[in-house]
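J.: model-v9.txt (compact mmCIF, C-alpha atoms) pasted underneath:
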# COMPACT_ATOMS: atom_id res chain seq x y z
CA MET I 297 22.60 -28.09 8.11
CA GLU I 298 18.82 -28.33 8.55
CA THR I 299 19.12 -27.78 12.30
CA TRP I 300 21.06 -24.54 11.70
CA THR I 301 18.44 -23.34 9.20
CA ILE I 302 15.54 -24.06 11.52
CA SER I 303 17.21 -22.38 14.49
CA SER I 304 18.21 -19.36 12.36
CA ILE I 305 14.61 -18.97 11.20
CA GLU I 306 13.40 -19.26 14.77
CA TRP I 307 15.98 -16.67 15.83
CA LEU I 308 14.78 -14.30 13.10
CA LEU I 309 11.14 -14.73 14.13
CA VAL I 310 12.01 -14.10 17.77
CA MET I 311 14.03 -11.00 16.83
CA LEU I 312 11.21 -9.59 14.70
CA ALA I 313 8.77 -10.16 17.56
CA LEU I 314 10.78 -8.13 20.05
CA PRO I 315 9.15 -4.76 20.74
CA ARG I 316 12.31 -2.81 19.89
CA VAL I 317 12.68 -4.57 16.52
CA GLY I 318 9.00 -5.30 15.92
CA LEU I 319 8.11 -1.75 14.93
CA SER I 320 10.74 -1.71 12.20
CA ALA I 321 9.42 -5.06 10.97
CA ILE I 322 5.89 -3.64 10.92
CA PHE I 323 7.14 -0.62 9.00
CA MET I 324 8.85 -2.76 6.34
CA ILE I 325 5.93 -5.19 5.98
CA SER I 326 3.47 -2.30 5.73
CA LEU I 327 5.61 -0.50 3.16
CA VAL I 328 6.07 -3.56 0.95
CA SER I 329 2.40 -4.55 1.20
CA ALA I 330 1.35 -1.12 -0.15
CA THR I 331 3.26 -1.54 -3.38
CA LEU I 332 1.96 -3.79 -6.13
CA ILE I 333 3.28 -6.87 -4.29
CA PRO I 334 0.23 -8.73 -2.96
CA MET I 335 0.76 -9.08 0.76
CA GLY I 336 -1.22 -8.21 3.89
CA SER I 337 0.25 -6.33 6.80
CA GLU I 338 -2.64 -6.65 9.26
CA PRO I 339 -1.52 -10.08 10.55
CA ALA I 340 1.90 -8.63 11.42
CA VAL I 341 0.34 -5.70 13.29
CA PHE I 342 -2.09 -8.02 15.07
CA GLY I 343 0.65 -10.49 16.03
CA TYR I 344 2.91 -7.72 17.29
CA LEU I 345 0.14 -6.27 19.42
CA LYS I 346 -0.59 -9.66 20.95
CA ILE I 347 3.05 -9.70 22.10
CA ALA I 348 3.22 -6.02 23.09
CA PRO I 349 -0.33 -4.69 23.69
CA HIS I 350 1.02 -1.51 25.27
CA MET I 351 2.42 -0.56 21.83
CA PHE I 352 -1.03 -0.16 20.21
CA TRP I 353 -0.73 3.48 19.07
CA PRO I 354 2.93 3.30 18.02
CA ALA I 355 2.18 0.15 15.99
CA ILE I 356 -0.84 1.74 14.30
CA LEU I 357 1.13 4.88 13.47
CA VAL I 358 4.21 3.02 12.20
CA ALA I 359 2.04 0.75 10.04
CA THR I 360 0.19 3.80 8.68
CA ILE I 361 3.44 5.61 7.84
CA GLY I 362 4.95 2.54 6.18
CA ASN I 363 1.80 1.78 4.19
CA THR I 364 1.44 5.41 3.14
CA LEU I 365 5.06 5.55 1.94
CA GLY I 366 4.41 2.37 -0.02
CA GLY I 367 1.41 4.09 -1.60
CA VAL I 368 3.61 7.08 -2.47
CA ILE I 369 6.11 4.73 -4.16
CA THR I 370 3.24 3.23 -6.16
CA TYR I 371 2.01 6.75 -7.01
CA PHE I 372 5.43 7.55 -8.50
CA MET I 373 5.45 4.20 -10.31
CA GLY I 374 2.19 5.21 -11.97
CA MET I 375 3.61 8.61 -12.88
CA GLY I 376 6.71 6.96 -14.33
CA ALA I 377 4.59 4.51 -16.33
CA GLU I 378 2.59 7.38 -17.82
CA LYS I 379 5.80 9.22 -18.79
CA ALA I 380 7.18 6.06 -20.39
CA TYR I 381 3.94 5.54 -22.30
CA GLU I 382 3.97 9.12 -23.59
CA ARG I 383 7.60 8.73 -24.64
CA TRP I 384 6.70 5.53 -26.49
CA ARG I 385 3.85 7.36 -28.26
CA GLU I 386 6.25 10.08 -29.39
CA GLU I 387 8.72 7.50 -30.72
CA HIS I 388 6.00 5.46 -32.50
CA PRO I 389 3.61 8.05 -33.97
CA GLY I 390 1.92 5.72 -36.48
CA LYS I 391 0.92 3.15 -33.84
CA HIS I 392 -1.77 5.26 -32.19
CA ASP I 393 -3.09 7.68 -34.80
CA ASP I 394 -6.19 5.60 -35.53
CA GLY I 395 -7.49 6.09 -31.97
CA ALA I 396 -7.82 2.35 -31.41
CA ARG I 397 -4.52 2.01 -29.59
CA ARG I 398 -5.10 4.42 -26.72
CA ALA I 399 -3.85 3.67 -23.23
CA GLY I 400 -6.39 1.33 -21.72
CA GLY I 401 -9.31 2.15 -24.01
CA ARG I 402 -12.64 2.48 -22.24
CA TRP I 403 -11.18 1.58 -18.83
CA HIS I 404 -8.75 4.45 -19.17
CA ASP I 405 -11.61 6.79 -19.99
CA ALA I 406 -13.77 5.55 -17.10
CA LEU I 407 -10.90 5.91 -14.62
CA ALA I 408 -10.10 9.35 -15.97
CA ARG I 409 -13.70 10.49 -15.44
CA TRP I 410 -13.90 8.98 -11.98
CA THR I 411 -10.59 10.36 -10.73
CA SER I 412 -11.16 13.79 -12.24
CA ARG I 413 -14.58 13.98 -10.58
CA LEU I 414 -13.40 12.82 -7.13
CA GLY I 415 -9.79 14.00 -7.35
CA PRO I 416 -7.31 13.02 -4.64
CA GLY I 417 -10.24 12.00 -2.42
CA THR I 418 -10.36 8.75 -4.40
CA LEU I 419 -7.27 7.72 -2.47
CA LEU I 420 -9.33 7.49 0.69
CA PHE I 421 -10.08 4.03 -0.77
CA SER I 422 -6.40 3.12 -1.24
CA TRP I 423 -6.71 0.76 1.72
CA LEU I 424 -9.12 -1.55 -0.11
CA PRO I 425 -7.86 -5.02 -1.01
CA ILE I 426 -7.13 -5.68 -4.71
CA VAL I 427 -8.02 -2.17 -5.97
CA GLY I 428 -6.27 0.03 -3.40
CA ASP I 429 -2.67 -0.35 -4.56
CA PRO I 430 -3.49 0.08 -8.26
CA LEU I 431 -5.55 3.13 -7.30
CA CYS I 432 -2.35 4.80 -6.06
CA ALA I 433 -0.70 4.03 -9.41
CA VAL I 434 -3.72 5.47 -11.24
CA ALA I 435 -3.41 8.65 -9.17
CA GLY I 436 0.20 8.98 -10.31
CA TRP I 437 -0.73 8.17 -13.93
CA PHE I 438 -3.33 10.95 -13.94
CA ARG I 439 -1.05 13.21 -11.90
CA LEU I 440 -3.49 13.98 -9.14
CA ALA I 441 -2.24 16.66 -6.75
CA PHE I 442 0.53 15.02 -4.72
CA TRP I 443 0.09 16.30 -1.15
CA PRO I 444 -3.70 15.99 -1.07
CA SER I 445 -3.24 12.46 -2.48
CA VAL I 446 -0.80 11.62 0.33
CA PHE I 447 -3.23 13.04 2.91
CA TYR I 448 -6.13 10.90 1.69
CA MET I 449 -3.90 7.82 1.40
CA ALA I 450 -2.72 8.28 4.99
CA LEU I 451 -6.23 8.92 6.32
CA GLY I 452 -7.69 5.83 4.67
CA LYS I 453 -4.80 3.62 5.72
CA PHE I 454 -4.88 4.93 9.31
CA LEU I 455 -8.60 4.24 9.62
CA ARG I 456 -8.12 0.76 8.15
CA TYR I 457 -5.39 -0.16 10.66
CA LEU I 458 -7.33 1.33 13.55
CA ILE I 459 -10.59 -0.46 12.72
CA MET I 460 -9.10 -3.77 11.56
CA THR I 461 -6.66 -4.11 14.44
CA THR I 462 -9.23 -3.14 17.05
CA ALA I 463 -11.70 -5.61 15.56
CA LEU I 464 -9.12 -8.42 15.44
CA LEU I 465 -8.09 -7.79 19.04
CA TRP I 466 -11.75 -7.78 20.12
CA VAL I 467 -12.72 -10.92 18.14
CA PHE I 468 -9.59 -12.90 19.08
CA PRO I 469 -8.74 -11.80 22.64
CA THR I 470 -7.27 -15.16 23.69
CA ILE I 471 -4.91 -15.77 20.75
CA GLY I 472 -1.30 -15.36 21.71
In structure tokens, what does this structure look like?
T.:
Amino acid sequence: METWTISSIEWLLVMLALPRVGLSAIFMISLVSATLIPMGSEPAVFGYLKIAPHMFWPAILVATIGNTLGGVITYFMGMGAEKAYERWREEHPGKHDDGARRAGGRWHDALARWTSRLGPGTLLFSWLPIVGDPLCAVAGWFRLAFWPSVFYMALGKFLRYLIMTTALLWVFPTIG
């Protein structure tokens, strides 16, 4: 049974590495890594490009689209969380009248000031590790304008893939 498992895993890795299947794998990895699941997609893009260097621009664009759609999902998760919180407040009026039980307290206020001052442009930083994915949720929570938010998400994520992948290919030219 172990032999079958090992060969099936090898088969899956070989299939995901093929140029015709690799782009869909990059899309899925990029999409999932842009939600609140901690995962990096750059190694997948780098590995794919070591196998198929002629696919540089398609890989960058597919990764950008997948990562941006993942950010959009997280944006809607933030919007849904805010709606659920408001519904909870309406159903439990006595739990928040004293002002001490606000959503997030001072962090909520600081984020509100920051996002209202910078607006959807804050999502230019949605590519950052650790804070980028929650930033998309915060944009949904505060209901920043949707299409400008998507534009800045896509721009930031595109620049990240372009710079990171180019740097990795330049620093590690002999890997692969």
J.: Quick one: of I:Pro469, I:Gly436, I:Gly452, I:Pro416, who's nearest to I:Thr364, counting all atoms listed in the file?
T.: I:Gly452
J.: Could you list, as a list in words, every residue within 10 Å of stretch 376-390 of chain I, counting all atoms listed in the file and ignoring same-chain residues fewer than 5 positions away?
T.: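 Neighbouring residues, sequence-local ones excluded: Thr370, Tyr371, Arg398, Ala399, Ala433, Val434, Gly436, Trp437, Phe438 and Arg439 of chain I.
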J.: How far is it from atom CA of I:Gly362 to atom CA of I:Gly343, in Å with one decimal?
T.: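 Straight-line distance from atom CA of I:Gly362 to atom CA of I:Gly343 works out to 16.9 Å.
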J.: I'd like the contact shell of I:Tyr457 - 12 Å cut-off, all atoms listed in the file, skipping same-chain residues fewer than 3 positions apart - returned as a PyMOL selection string.
T.: chain I and resi 322+326+336-342+352-364+423-424+450-454+460-465
J.: Go through I:Phe421, I:Ile347, I:Met324, I:Val427 and flag the residue nearest I:Thr470, using all atoms listed in the file for the distances.
T.: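 Of the candidates, the smallest distance to I:Thr470 is held by I:Ile347.
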J.: For I:Tyr448, which of I:Gly428, I:Ser320, I:Leu420, I:Val467 is the closest residue, counting all atoms listed in the file?
T.: I:Leu420
J.: Nearest to I:Leu440 among I:Phe372, I:Trp466, I:Phe323, I:Tyr344, with distances taken over all atoms listed in the file: which residue is it?
T.: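 Using all atoms listed in the file, the shortest distance to I:Leu440 belongs to I:Phe372.
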J.: Report the distance between atom CA of I:Pro425 and atom CA of I:His350 in Å, rounded to one decimal place.
T.: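 So the answer is 28.0 Å.
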J.: Smallest atom-to-atom distance to I:Ala348: which of I:Met375, I:Val328, I:Val317, I:Leu365, using all atoms listed in the file?
T.: I:Val317
